[in-house]
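Participant: upload26.cif is reproduced in full below (mmCIF, C-alpha atoms (C1' of nucleotides)).
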```
data_coords
loop_
_atom_site.label_atom_id
_atom_site.label_comp_id
_atom_site.auth_asym_id
_atom_site.auth_seq_id
_atom_site.Cartn_x
_atom_site.Cartn_y
_atom_site.Cartn_z
CA MET Q 1 -33.09 -40.66 -4.95
CA SER Q 2 -32.58 -36.94 -4.61
CA SER Q 3 -32.63 -36.81 -0.82
CA ASP Q 4 -29.64 -39.12 -0.75
CA THR Q 5 -27.36 -36.54 -2.32
CA ARG Q 6 -28.98 -33.85 -0.22
CA SER Q 7 -28.15 -35.74 2.94
CA ARG Q 8 -24.60 -36.32 1.82
CA ILE Q 9 -24.21 -32.58 1.32
CA LEU Q 10 -25.61 -31.85 4.76
CA GLU Q 11 -23.31 -34.41 6.36
CA ALA Q 12 -20.32 -33.08 4.47
CA ALA Q 13 -21.09 -29.53 5.55
CA ALA Q 14 -21.58 -30.56 9.17
CA GLY Q 15 -18.37 -32.55 9.14
CA LEU Q 16 -16.27 -29.79 7.66
CA LEU Q 17 -17.71 -27.20 9.98
CA ALA Q 18 -17.06 -29.38 13.02
CA GLN Q 19 -13.53 -29.92 11.81
CA SER Q 20 -12.76 -26.26 11.19
CA GLY Q 21 -14.64 -24.83 14.13
CA GLY Q 22 -17.02 -23.03 11.84
CA ALA Q 23 -14.78 -20.77 9.77
CA GLY Q 24 -13.42 -20.93 6.27
CA VAL Q 25 -15.67 -23.61 4.86
CA ARG Q 26 -16.50 -22.88 1.22
CA MET Q 27 -19.21 -24.24 -1.01
CA SER Q 28 -16.57 -25.95 -3.12
CA ASP Q 29 -15.11 -27.69 -0.06
CA ILE Q 30 -18.50 -29.04 0.88
CA ALA Q 31 -19.17 -30.21 -2.67
CA ARG Q 32 -15.84 -32.02 -2.91
CA ARG Q 33 -16.37 -33.76 0.42
CA ALA Q 34 -19.88 -34.80 -0.58
CA GLY Q 35 -18.51 -36.17 -3.83
CA VAL Q 36 -20.58 -33.93 -6.07
CA SER Q 37 -19.92 -30.87 -8.19
CA ARG Q 38 -20.16 -27.42 -6.70
CA GLN Q 39 -23.17 -26.70 -8.89
CA ALA Q 40 -24.98 -29.76 -7.60
CA VAL Q 41 -24.96 -28.14 -4.17
CA TYR Q 42 -26.83 -25.19 -5.63
CA LEU Q 43 -29.43 -27.57 -7.05
CA HIS Q 44 -30.34 -28.49 -3.48
CA PHE Q 45 -29.72 -25.22 -1.65
CA ASP Q 46 -30.16 -21.86 -3.32
CA THR Q 47 -27.62 -20.06 -1.15
CA ARG Q 48 -24.93 -20.76 1.36
CA ALA Q 49 -27.12 -19.34 4.11
CA GLU Q 50 -29.93 -21.72 3.24
CA LEU Q 51 -27.55 -24.65 3.37
CA LEU Q 52 -26.23 -23.64 6.78
CA ILE Q 53 -29.73 -23.25 8.13
CA ALA Q 54 -30.62 -26.69 6.84
CA VAL Q 55 -27.53 -28.05 8.56
CA THR Q 56 -28.73 -26.70 11.91
CA ARG Q 57 -32.09 -28.41 11.47
CA HIS Q 58 -30.36 -31.59 10.42
CA ILE Q 59 -28.20 -31.58 13.53
CA ASP Q 60 -31.19 -30.79 15.77
CA GLU Q 61 -32.97 -33.84 14.44
CA ALA Q 62 -29.92 -36.06 14.79
CA LEU Q 63 -29.54 -34.98 18.41
CA GLY Q 64 -33.18 -35.34 19.34
CA LEU Q 65 -33.59 -31.79 20.51
CA ASP Q 66 -37.05 -32.24 21.98
CA ALA Q 67 -36.02 -35.17 24.11
CA ARG Q 68 -33.09 -33.22 25.44
CA LEU Q 69 -35.38 -30.44 26.52
CA GLU Q 70 -37.63 -32.77 28.51
CA PRO Q 71 -35.81 -32.60 31.85
CA SER Q 72 -36.05 -28.83 32.05
CA ARG Q 73 -39.70 -28.87 30.97
CA ALA Q 74 -40.48 -31.48 33.58
CA ALA Q 75 -38.80 -29.70 36.48
CA ARG Q 76 -41.23 -28.69 39.21
CA LYS Q 77 -39.28 -26.06 41.08
CA GLY Q 78 -37.99 -22.95 39.35
CA ALA Q 79 -34.44 -23.41 40.58
CA GLU Q 80 -34.45 -26.97 39.30
CA ARG Q 81 -35.76 -25.86 35.95
CA MET Q 82 -33.04 -23.25 35.70
CA ARG Q 83 -30.36 -25.80 36.52
CA ALA Q 84 -31.76 -28.28 34.00
CA TYR Q 85 -31.96 -25.67 31.28
CA ILE Q 86 -28.35 -24.63 31.77
CA ALA Q 87 -27.31 -28.29 31.75
CA PHE Q 88 -29.19 -28.83 28.50
CA TRP Q 89 -27.60 -25.78 26.93
CA GLY Q 90 -24.11 -26.71 28.04
CA ALA Q 91 -24.46 -30.11 26.39
CA TYR Q 92 -26.22 -28.87 23.27
CA LEU Q 93 -24.07 -25.88 22.39
CA PRO Q 94 -20.85 -27.74 21.64
CA GLU Q 95 -22.77 -29.75 19.05
CA ILE Q 96 -24.25 -26.92 17.03
CA HIS Q 97 -21.55 -24.40 17.80
CA PRO Q 98 -19.58 -24.71 14.54
CA VAL Q 99 -22.66 -24.11 12.41
CA ALA Q 100 -23.79 -21.37 14.72
CA ARG Q 101 -20.47 -19.67 14.30
CA ALA Q 102 -20.65 -19.87 10.52
CA LEU Q 103 -24.17 -18.47 10.61
CA ILE Q 104 -23.19 -15.64 12.94
CA ALA Q 105 -20.26 -14.78 10.72
CA MET Q 106 -22.52 -14.07 7.77
CA GLN Q 107 -25.15 -12.11 9.71
CA ASP Q 108 -23.86 -8.80 8.42
CA SER Q 109 -23.93 -9.77 4.77
CA ASP Q 110 -26.92 -12.09 4.59
CA PRO Q 111 -30.38 -11.13 5.89
CA ALA Q 112 -31.62 -14.72 5.72
CA ALA Q 113 -28.80 -15.91 7.96
CA SER Q 114 -29.48 -13.06 10.32
CA GLU Q 115 -33.17 -13.87 10.54
CA ALA Q 116 -32.54 -17.56 11.08
CA TRP Q 117 -30.12 -16.83 13.89
CA ASP Q 118 -32.46 -14.35 15.50
CA GLY Q 119 -35.10 -17.06 15.51
CA ARG Q 120 -32.87 -19.43 17.38
CA MET Q 121 -31.98 -16.76 19.89
CA ALA Q 122 -35.66 -16.02 20.38
CA ALA Q 123 -36.24 -19.70 21.14
CA LEU Q 124 -33.42 -19.64 23.65
CA ARG Q 125 -34.99 -16.63 25.29
CA GLU Q 126 -38.31 -18.48 25.58
CA GLY Q 127 -36.57 -21.13 27.60
CA CYS Q 128 -34.97 -18.50 29.80
CA ALA Q 129 -38.30 -16.78 30.30
CA ALA Q 130 -39.93 -20.06 31.35
CA ALA Q 131 -37.23 -20.74 33.92
CA ILE Q 132 -37.46 -17.24 35.35
CA ALA Q 133 -41.26 -17.43 35.43
CA ALA Q 134 -41.06 -20.71 37.32
CA LEU Q 135 -38.66 -19.19 39.82
CA ASP Q 136 -40.96 -16.23 40.19
CA ALA Q 137 -43.97 -18.49 40.71
CA ASP Q 138 -42.10 -20.14 43.58
CA GLY Q 139 -41.67 -16.70 45.12
CA GLU Q 140 -37.93 -17.14 44.75
CA LEU Q 141 -37.09 -14.43 42.24
CA ALA Q 142 -35.04 -11.80 44.04
CA PRO Q 143 -37.07 -8.61 44.41
CA VAL Q 144 -34.42 -6.46 42.71
CA TRP Q 145 -35.47 -8.00 39.40
CA THR Q 146 -38.60 -7.97 37.32
CA ALA Q 147 -39.23 -11.17 35.38
CA ASP Q 148 -38.50 -9.38 32.10
CA ILE Q 149 -35.19 -7.92 33.17
CA ALA Q 150 -34.11 -11.19 34.75
CA THR Q 151 -35.00 -13.00 31.52
CA ASP Q 152 -32.88 -10.61 29.47
CA LEU Q 153 -29.95 -11.06 31.78
CA PHE Q 154 -30.25 -14.82 31.99
CA TRP Q 155 -30.51 -14.99 28.23
CA SER Q 156 -27.38 -12.88 27.80
CA MET Q 157 -25.49 -15.18 30.17
CA LEU Q 158 -26.26 -18.12 27.90
CA SER Q 159 -25.22 -16.39 24.68
CA VAL Q 160 -22.88 -18.16 22.31
CA PRO Q 161 -19.99 -15.68 22.55
CA VAL Q 162 -19.96 -16.05 26.33
CA TRP Q 163 -19.78 -19.82 25.98
CA GLU Q 164 -16.98 -19.40 23.42
CA ALA Q 165 -15.03 -17.10 25.70
CA LEU Q 166 -15.27 -19.40 28.69
CA THR Q 167 -14.79 -22.79 27.07
CA GLN Q 168 -12.57 -22.03 24.11
CA GLN Q 169 -10.53 -19.10 25.32
CA ARG Q 170 -10.46 -19.75 29.05
CA GLY Q 171 -10.41 -23.51 28.78
CA TRP Q 172 -13.47 -24.38 30.84
CA SER Q 173 -14.80 -27.91 30.35
CA THR Q 174 -18.48 -28.45 29.67
CA GLU Q 175 -18.87 -29.55 33.28
CA ASP Q 176 -17.11 -26.43 34.54
CA TYR Q 177 -19.35 -24.30 32.39
CA VAL Q 178 -22.56 -25.92 33.58
CA ASP Q 179 -21.64 -25.92 37.27
CA ARG Q 180 -20.38 -22.39 37.37
CA VAL Q 181 -23.10 -20.80 35.28
CA GLN Q 182 -25.68 -22.59 37.42
CA THR Q 183 -24.07 -21.10 40.49
CA GLN Q 184 -23.90 -17.67 38.90
CA ALA Q 185 -27.54 -17.77 37.77
CA LEU Q 186 -28.88 -18.91 41.11
CA ARG Q 187 -26.84 -16.36 43.04
CA THR Q 188 -28.01 -13.65 40.66
CA PHE Q 189 -31.69 -14.43 40.46
CA ARG Q 190 -32.71 -16.37 43.51
CA GLY Q 191 -33.72 -14.17 46.41
CA ARG Q 192 -31.69 -15.62 49.19
CA GLY Q 193 -32.46 -14.59 52.77
CA LYS Q 194 -35.75 -12.81 52.27
CA GLY Q 195 -38.11 -13.29 49.27
CA MET S 1 1.59 17.24 5.65
CA SER S 2 1.08 13.52 5.34
CA SER S 3 -0.55 13.07 8.71
CA ASP S 4 -3.27 15.43 7.62
CA THR S 5 -4.56 13.00 5.02
CA ARG S 6 -4.00 10.15 7.42
CA SER S 7 -6.16 11.85 10.03
CA ARG S 8 -8.85 12.59 7.50
CA ILE S 9 -8.93 8.90 6.59
CA LEU S 10 -9.20 7.88 10.24
CA GLU S 11 -12.00 10.38 10.84
CA ALA S 12 -13.80 9.26 7.72
CA ALA S 13 -13.57 5.62 8.75
CA ALA S 14 -14.75 6.36 12.29
CA GLY S 15 -17.64 8.43 10.98
CA LEU S 16 -18.82 5.83 8.50
CA LEU S 17 -18.54 3.04 11.03
CA ALA S 18 -20.49 5.01 13.62
CA GLN S 19 -23.13 5.71 11.00
CA SER S 20 -23.49 2.13 9.83
CA GLY S 21 -23.11 0.45 13.20
CA GLY S 22 -19.93 -1.24 12.05
CA ALA S 23 -21.00 -3.27 9.03
CA GLY S 24 -20.67 -2.81 5.32
CA VAL S 25 -18.04 -0.10 5.27
CA ARG S 26 -15.65 -0.57 2.33
CA MET S 27 -12.26 0.91 1.64
CA SER S 28 -13.72 2.83 -1.28
CA ASP S 29 -16.42 4.36 0.96
CA ILE S 30 -13.80 5.54 3.40
CA ALA S 31 -11.64 6.96 0.60
CA ARG S 32 -14.55 8.85 -0.92
CA ARG S 33 -15.57 10.32 2.42
CA ALA S 34 -11.99 11.36 3.17
CA GLY S 35 -11.80 13.02 -0.24
CA VAL S 36 -8.94 10.88 -1.52
CA SER S 37 -8.57 8.01 -3.94
CA ARG S 38 -8.96 4.45 -2.74
CA GLN S 39 -5.27 3.85 -3.45
CA ALA S 40 -4.25 6.75 -1.28
CA VAL S 41 -5.75 4.89 1.67
CA TYR S 42 -3.39 2.02 0.97
CA LEU S 43 -0.46 4.43 1.07
CA HIS S 44 -1.25 5.05 4.73
CA PHE S 45 -2.58 1.66 5.81
CA ASP S 46 -1.40 -1.57 4.24
CA THR S 47 -4.60 -3.46 4.92
CA ARG S 48 -8.14 -2.90 6.02
CA ALA S 49 -7.38 -4.56 9.35
CA GLU S 50 -4.50 -2.18 10.00
CA LEU S 51 -6.73 0.78 9.30
CA LEU S 52 -9.43 -0.45 11.68
CA ILE S 53 -6.88 -1.03 14.41
CA ALA S 54 -5.57 2.49 13.92
CA VAL S 55 -9.13 3.77 14.19
CA THR S 56 -9.54 2.16 17.60
CA ARG S 57 -6.35 3.83 18.84
CA HIS S 58 -7.47 7.11 17.37
CA ILE S 59 -10.80 6.92 19.19
CA ASP S 60 -9.12 5.90 22.45
CA GLU S 61 -6.97 9.01 22.30
CA ALA S 62 -9.88 11.25 21.42
CA LEU S 63 -11.83 9.90 24.40
CA GLY S 64 -9.01 10.14 26.88
CA LEU S 65 -9.08 6.50 27.83
CA ASP S 66 -6.66 6.77 30.72
CA ALA S 67 -8.59 9.56 32.39
CA ARG S 68 -11.76 7.55 32.12
CA LEU S 69 -10.14 4.66 33.89
CA GLU S 70 -9.04 6.78 36.83
CA PRO S 71 -12.16 6.39 39.01
CA SER S 72 -11.98 2.60 38.99
CA ARG S 73 -8.23 2.66 39.66
CA ALA S 74 -8.73 5.06 42.53
CA ALA S 75 -11.49 3.09 44.23
CA ARG S 76 -10.52 1.85 47.68
CA LYS S 77 -13.04 -0.88 48.27
CA GLY S 78 -13.37 -3.85 45.89
CA ALA S 79 -17.10 -3.43 45.47
CA GLU S 80 -16.59 0.21 44.58
CA ARG S 81 -13.91 -0.65 42.09
CA MET S 82 -16.19 -3.18 40.47
CA ARG S 83 -19.00 -0.64 40.21
CA ALA S 84 -16.67 1.99 38.79
CA TYR S 85 -15.24 -0.39 36.23
CA ILE S 86 -18.68 -1.40 34.99
CA ALA S 87 -19.65 2.27 34.80
CA PHE S 88 -16.54 3.02 32.78
CA TRP S 89 -17.21 0.14 30.44
CA GLY S 90 -20.85 1.05 29.95
CA ALA S 91 -19.85 4.56 28.90
CA TYR S 92 -16.87 3.52 26.79
CA LEU S 93 -18.35 0.65 24.83
CA PRO S 94 -20.94 2.63 22.87
CA GLU S 95 -18.11 4.80 21.57
CA ILE S 96 -15.82 2.11 20.21
CA HIS S 97 -18.55 -0.40 19.49
CA PRO S 98 -18.86 0.19 15.73
CA VAL S 99 -15.15 -0.32 15.14
CA ALA S 100 -15.13 -3.24 17.51
CA ARG S 101 -17.89 -4.85 15.52
CA ALA S 102 -16.05 -4.36 12.23
CA LEU S 103 -12.92 -5.82 13.78
CA ILE S 104 -14.79 -8.80 15.21
CA ALA S 105 -16.40 -9.44 11.84
CA MET S 106 -13.05 -9.96 10.17
CA GLN S 107 -11.54 -12.11 12.90
CA ASP S 108 -12.07 -15.28 10.92
CA SER S 109 -10.41 -14.03 7.77
CA ASP S 110 -7.67 -11.78 9.12
CA PRO S 111 -5.14 -12.93 11.73
CA ALA S 112 -4.01 -9.36 12.41
CA ALA S 113 -7.55 -8.27 13.26
CA SER S 114 -7.95 -11.32 15.45
CA GLU S 115 -4.76 -10.61 17.34
CA ALA S 116 -5.62 -6.95 17.83
CA TRP S 117 -9.02 -7.84 19.21
CA ASP S 118 -7.60 -10.48 21.50
CA GLY S 119 -5.27 -7.83 22.88
CA ARG S 120 -8.15 -5.56 23.76
CA MET S 121 -10.01 -8.40 25.40
CA ALA S 122 -6.93 -9.24 27.40
CA ALA S 123 -6.80 -5.64 28.63
CA LEU S 124 -10.45 -5.84 29.61
CA ARG S 125 -9.71 -8.99 31.54
CA GLU S 126 -6.90 -7.24 33.39
CA GLY S 127 -9.41 -4.71 34.64
CA CYS S 128 -11.76 -7.47 35.70
CA ALA S 129 -8.96 -9.29 37.48
CA ALA S 130 -8.04 -6.14 39.39
CA ALA S 131 -11.61 -5.60 40.54
CA ILE S 132 -11.97 -9.21 41.64
CA ALA S 133 -8.61 -9.10 43.42
CA ALA S 134 -9.69 -5.97 45.28
CA LEU S 135 -12.92 -7.63 46.32
CA ASP S 136 -10.97 -10.66 47.46
CA ALA S 137 -8.53 -8.50 49.42
CA ASP S 138 -11.52 -7.06 51.28
CA GLY S 139 -12.53 -10.60 52.18
CA GLU S 140 -15.73 -10.06 50.27
CA LEU S 141 -15.31 -12.54 47.43
CA ALA S 142 -17.90 -15.26 47.92
CA PRO S 143 -16.19 -18.51 48.90
CA VAL S 144 -17.76 -20.47 46.05
CA TRP S 145 -15.38 -18.69 43.68
CA THR S 146 -11.65 -18.63 43.20
CA ALA S 147 -10.28 -15.30 41.99
CA ASP S 148 -9.45 -16.81 38.61
CA ILE S 149 -12.86 -18.29 37.98
CA ALA S 150 -14.58 -15.14 39.17
CA THR S 151 -12.40 -13.10 36.83
CA ASP S 152 -13.34 -15.28 33.85
CA LEU S 153 -17.01 -14.97 34.65
CA PHE S 154 -16.90 -11.23 35.28
CA TRP S 155 -14.98 -10.78 32.04
CA SER S 156 -17.56 -12.79 30.10
CA MET S 157 -20.35 -10.65 31.56
CA LEU S 158 -18.71 -7.55 30.10
CA SER S 159 -18.18 -9.00 26.63
CA VAL S 160 -19.25 -6.99 23.62
CA PRO S 161 -21.90 -9.43 22.35
CA VAL S 162 -23.62 -9.36 25.74
CA TRP S 163 -23.70 -5.58 25.64
CA GLU S 164 -25.07 -5.75 22.08
CA ALA S 165 -27.78 -8.17 23.06
CA LEU S 166 -28.93 -6.14 26.03
CA THR S 167 -28.72 -2.62 24.64
CA GLN S 168 -29.37 -3.09 20.95
CA GLN S 169 -31.68 -6.07 20.89
CA ARG S 170 -33.42 -5.73 24.25
CA GLY S 171 -33.41 -1.95 24.26
CA TRP S 172 -31.60 -1.31 27.52
CA SER S 173 -30.24 2.22 27.96
CA THR S 174 -26.65 2.75 29.04
CA GLU S 175 -27.93 3.56 32.51
CA ASP S 176 -30.02 0.38 32.62
CA TYR S 177 -27.00 -1.62 31.51
CA VAL S 178 -24.69 -0.15 34.13
CA ASP S 179 -27.14 -0.43 37.02
CA ARG S 180 -28.25 -3.94 36.27
CA VAL S 181 -24.87 -5.40 35.48
CA GLN S 182 -23.54 -3.83 38.69
CA THR S 183 -26.32 -5.52 40.60
CA GLN S 184 -25.70 -8.82 38.84
CA ALA S 185 -21.95 -8.70 39.45
CA LEU S 186 -22.24 -7.86 43.12
CA ARG S 187 -24.89 -10.50 43.74
CA THR S 188 -22.72 -13.04 41.93
CA PHE S 189 -19.36 -12.31 43.45
CA ARG S 190 -19.84 -10.63 46.77
CA GLY S 191 -20.19 -13.04 49.63
CA ARG S 192 -23.27 -11.77 51.34
CA GLY S 193 -24.16 -13.10 54.76
CA LYS S 194 -21.00 -14.96 55.61
CA GLY S 195 -17.55 -14.26 54.12
"C1'" DC B 1 -38.51 -49.96 -27.47
"C1'" DC B 2 -38.45 -45.21 -27.66
"C1'" DT B 3 -39.24 -40.79 -25.20
"C1'" DT B 4 -39.20 -37.87 -21.41
"C1'" DT B 5 -37.75 -36.53 -17.03
"C1'" DT B 6 -34.56 -36.34 -13.31
"C1'" DG B 7 -30.11 -35.60 -11.32
"C1'" DC B 8 -25.95 -34.45 -12.09
"C1'" DT B 9 -21.81 -32.96 -14.94
"C1'" DT B 10 -18.55 -29.53 -17.19
"C1'" DG B 11 -17.28 -25.04 -18.33
"C1'" DA B 12 -17.79 -20.29 -18.69
"C1'" DC B 13 -19.07 -16.09 -16.70
"C1'" DA B 14 -20.81 -11.87 -13.79
"C1'" DC B 15 -20.03 -9.49 -9.57
"C1'" DA B 16 -18.11 -7.56 -5.31
"C1'" DG B 17 -14.32 -6.30 -2.62
"C1'" DT B 18 -9.40 -6.43 -1.35
"C1'" DG B 19 -4.98 -5.75 -2.56
"C1'" DT B 20 -0.99 -4.83 -6.19
"C1'" DA B 21 1.48 -2.50 -9.85
"C1'" DA B 22 2.93 1.11 -13.17
"C1'" DA B 23 3.02 5.41 -15.20
"C1'" DT B 24 1.79 10.36 -14.31
"C1'" DT B 25 1.17 14.93 -12.10
"C1'" DG B 26 2.10 18.65 -8.86
"C1'" DA B 27 4.41 20.73 -5.09
"C1'" DC B 28 7.97 21.58 -2.03
"C1'" DG B 29 12.91 21.87 -0.60
"C1'" DG B 30 17.81 21.68 -1.26
"C1'" DC T 1 16.67 22.94 -11.65
"C1'" DC T 2 16.40 18.54 -9.92
"C1'" DG T 3 14.92 15.05 -6.94
"C1'" DT T 4 11.62 13.40 -3.91
"C1'" DC T 5 7.33 12.75 -1.86
"C1'" DA T 6 2.25 12.57 -1.87
"C1'" DA T 7 -1.28 11.47 -4.35
"C1'" DT T 8 -3.59 10.39 -8.79
"C1'" DT T 9 -5.44 7.36 -12.54
"C1'" DT T 10 -5.84 3.17 -14.76
"C1'" DA T 11 -5.46 -1.57 -14.97
"C1'" DC T 12 -5.25 -6.02 -13.18
"C1'" DA T 13 -4.98 -10.41 -10.00
"C1'" DC T 14 -7.42 -13.06 -6.74
"C1'" DT T 15 -11.16 -15.15 -4.02
"C1'" DG T 16 -15.64 -16.73 -3.31
"C1'" DT T 17 -20.66 -16.63 -4.36
"C1'" DG T 18 -24.10 -17.25 -7.45
"C1'" DT T 19 -25.90 -17.80 -12.56
"C1'" DC T 20 -26.37 -19.77 -17.10
"C1'" DA T 21 -26.21 -23.12 -20.85
"C1'" DA T 22 -25.35 -27.41 -22.94
"C1'" DG T 23 -24.81 -32.16 -22.40
"C1'" DC T 24 -25.05 -36.86 -20.59
"C1'" DA T 25 -26.70 -41.12 -18.32
"C1'" DA T 26 -29.97 -43.71 -16.10
"C1'" DA T 27 -34.62 -44.40 -14.52
"C1'" DA T 28 -39.54 -43.99 -15.45
"C1'" DG T 29 -43.39 -44.50 -18.19
"C1'" DG T 30 -46.02 -44.69 -22.37
#
```
Translate this file's structure into C-alpha cells.

Facilitator:
Amino acid sequence: MSSDTRSRILEAAAGLLAQSGGAGVRMSDIARRAGVSRQAVYLHFDTRAELLIAVTRHIDEALGLDARLEPSRAARKGAERMRAYIAFWGAYLPEIHPVARALIAMQDSDPAASEAWDGRMAALREGCAAAIAALDADGELAPVWTADIATDLFWSMLSVPVWEALTQQRGWSTEDYVDRVQTQALRTFRGRGKG
Amino acid sequence: MSSDTRSRILEAAAGLLAQSGGAGVRMSDIARRAGVSRQAVYLHFDTRAELLIAVTRHIDEALGLDARLEPSRAARKGAERMRAYIAFWGAYLPEIHPVARALIAMQDSDPAASEAWDGRMAALREGCAAAIAALDADGELAPVWTADIATDLFWSMLSVPVWEALTQQRGWSTEDYVDRVQTQALRTFRGRGKG
DNA sequence: CCTTTTGCTTGACACAGTGTAAATTGACGG
DNA sequence: CCGTCAATTTACACTGTGTCAAGCAAAAGG
C-alpha cells in the first residue's frame, strides 16, 4: 500500500530531524533512512517544504494535540488558563522543535514553508489571545495593557527562538521554563494590587 | 587604494541588505552594486560569512555604538539603566537588523557566522546582566528571581526574533516597542510592594 | 492467462549559488 | 624597465533541490 511507504518517509524525516536538532537533513538522507530511493520521496511529496509540513502534522497527530490542549481550554480562571497554556507549550515545543527549526530555516527561500509557519504562529497567538481575554474577563488584566497589546507580548514570550535561547543556550529544563515563564507572564499581565 | 574598493563592497552589501530586509542577497549582487567583479569580492573577503561580519562592524562604527551605549552606562539607578538599555536597543536594532537576519540565516550552514552571532548575543547579555545587577544593588530585584535567571529572561525578551515579531509582524513602532518592553521588564523584575 | 496499473527503481540532467584556479591587463613605485 | 599589486575574465568543482525518461516487478482485473 502506498501510505506505508509514505509513513516510513515521514518517520524517517522525523527521526533524522530529532537526531540532528533540525539542521542539515537532506532529501537523500531521509530517503536512505526510509529505505527508498530519493526519487520515491518526490513521488509522495512534491517539495522538501511540503514534506516538512506533513511531518509537523504527523507529529501533531502522534502526540494527540487536541487532548493536550484540553486543560487550558477547560480552565475557569484567566490566570489558570494562562498557566495551563504555558505548561502545554513547554511540553509540546520540545517535540516539534526540530521540524519547526527546519521549517524556519527555509522561510526565506520557500514561500510555502513561510506560509505554513505563519499559520502555526497564528494558532499560537489565538491561544494567547484566549488566555488574555479570560484574564481580562476576570478583571485581572493590569490596566497598563490593552488586550491586544498584552496578546502580542504574551505571544512573543512564547516564541520558538526564546524557548531555544533559554533551554538550549542557557540550559533551562522544561520545568524551569514553564515555572519561570508562568511567573513572568503573571507578573507582567496580572494587575496586582488594584485592578 | 585597496580599502576604497573594500569600503565600496561593504557599503554595497549594507545597502542591498537594508533594501531586501536581509534575505536573498548574493555575492554577485553585492559585486555588481559595488561596481566590481564577483571575484574581486573574494579578494577582500574569503567567504560570505566573513563579509557579513565585516558589514556588522562597519555599521557599528558608522553608528557610533559606544556613544549610544553611554546613557545606559551612566544611569545611576537600576530601573533607569534598564530603561536606557531598552531604549538603546530599540533604536539600534532596526539599523543592524538586516545584516543580523542574513547572519542568522546562515548559522546552520556556516560555523563562522554562528560564532560571530553568538558573540553579539553574548555582548547583549552582558548589558542585560549589568542592568539586572544594578537593579539588584538597589534592592529592587523582585525576590522571586535570582540575578542569573532574571538576566536570562531579560536577555530573551530583547532577542531579535521577538523584536521582529512585534515590529514587523504586529506592526509596533520603535516607540511602541521601547515603551512596552520597558513596562514589561519593570513589571517582571522590579519588586513592587515589598523588596 | 494476459494486460494494465501502481509503486518504485536507476541514471542522467538542469539550475542556483558558493568558492577555487589560471591566465591576463593596467597602473604605480623603486 | 621591471616587479608587484589590484582587479579582470573565463572556466570549473561542488552541493543540494527538483525534473525527466525508461524500465521493472508485483498486484489487480478483465

Participant: May I ask for the distance between atom CA of Ala123 of chain Q and atom CA of Gln107 of chain S, given in Å to one decimal place?

Facilitator: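 Atom CA of Gln107 of chain S lies at a distance of 27.1 Å from atom CA of Ala123 of chain Q.
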
Participant: What is the atom CA of Ala87 of chain S-atom CA of Val178 of chain S distance in Å, reported with one decimal?

Facilitator: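 We find that atom CA of Ala87 of chain S and atom CA of Val178 of chain S lie 5.6 Å from each other.
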
Participant: What residues have an atom no more than 10 Å from (-40.2, -40.3, -23.8) in the file's own frame, counting all atoms listed in the file, and can you write them as a tab-separated table (two decimals) with C-alpha atoms (C1' of nucleotides), keeping the file's coordinate frame?

Facilitator:
```tsv
chain	number	residue	atom	x	y	z
B	2	DC	C1'	-38.45	-45.21	-27.66
B	3	DT	C1'	-39.24	-40.79	-25.20
B	4	DT	C1'	-39.20	-37.87	-21.41
B	5	DT	C1'	-37.75	-36.53	-17.03
T	28	DA	C1'	-39.54	-43.99	-15.45
T	29	DG	C1'	-43.39	-44.50	-18.19
T	30	DG	C1'	-46.02	-44.69	-22.37
```

Participant: Using atom CA of Leu186 of chain Q and atom CA of Ala79 of chain Q as the two end points, give the distance in Å to one decimal.

Facilitator: 7.2 Å

Participant: Given the PyMOL selection byres ((chain T) within 9 of (chain Q)) and the file above, list the residues it selects as number ranges by chain.

Facilitator: T: 16-18

Participant: Within 8 Å of chain Q, which residues belong to chain B? Use all atoms listed in the file and report them as a PyMOL selection string.

Facilitator: chain B and resi 7-9

Participant: At a cut-off of 9 Å, which residues of chain S touch chain Q? Count all atoms listed in the file and give the answer as a PyMOL selection string.

Facilitator: chain S and resi 23-24+105-106+108-109+144-145+149+152-153+155-157+159-163+165-166+170+180-181+183-189+193

Participant: Report as JSON the centre and the edge lengths, in Å to one decimal, of the axis-aligned box holding every listed atom of segment 34-42 of chain Q, padded by 8 Å on each side.

Facilitator:
```
{"center_x": -22.7, "center_y": -30.7, "center_z": -4.7, "size_x": 24.3, "size_y": 27.0, "size_z": 24.3}
```

Participant: Report as a list in words the full result of the PyMOL selection byres ((chain B and resi 23) around 10) when it is applied to this structure.

Facilitator: DA21, DA22 and DT24 of chain B; DT9 and DT10 of chain T

Participant: Please write as a list in words the list of polymer residues whose atoms come within 10 Å of (-20.1, -10.6, -11.6), counting all atoms listed in the file and keeping to the coordinates of the file.

Facilitator: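 Residues lying no farther than 10 Å from the given point: DC13, DA14, DC15 and DA16 of chain B; DT17, DG18 and DT19 of chain T.
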
Participant: Mind writing the picked residues with C-alpha atoms (C1' of nucleotides) as a PDB file, keeping the file's coordinate frame?

Facilitator:
```
ATOM      1  C1'  DC B  13     -19.070 -16.090 -16.700  1.00  0.00           C
ATOM      2  C1'  DA B  14     -20.810 -11.870 -13.790  1.00  0.00           C
ATOM      3  C1'  DC B  15     -20.030  -9.490  -9.570  1.00  0.00           C
ATOM      4  C1'  DA B  16     -18.110  -7.560  -5.310  1.00  0.00           C
TER       5       DA B  16
ATOM      6  C1'  DT T  17     -20.660 -16.630  -4.360  1.00  0.00           C
ATOM      7  C1'  DG T  18     -24.100 -17.250  -7.450  1.00  0.00           C
ATOM      8  C1'  DT T  19     -25.900 -17.800 -12.560  1.00  0.00           C
TER       9       DT T  19
END
```
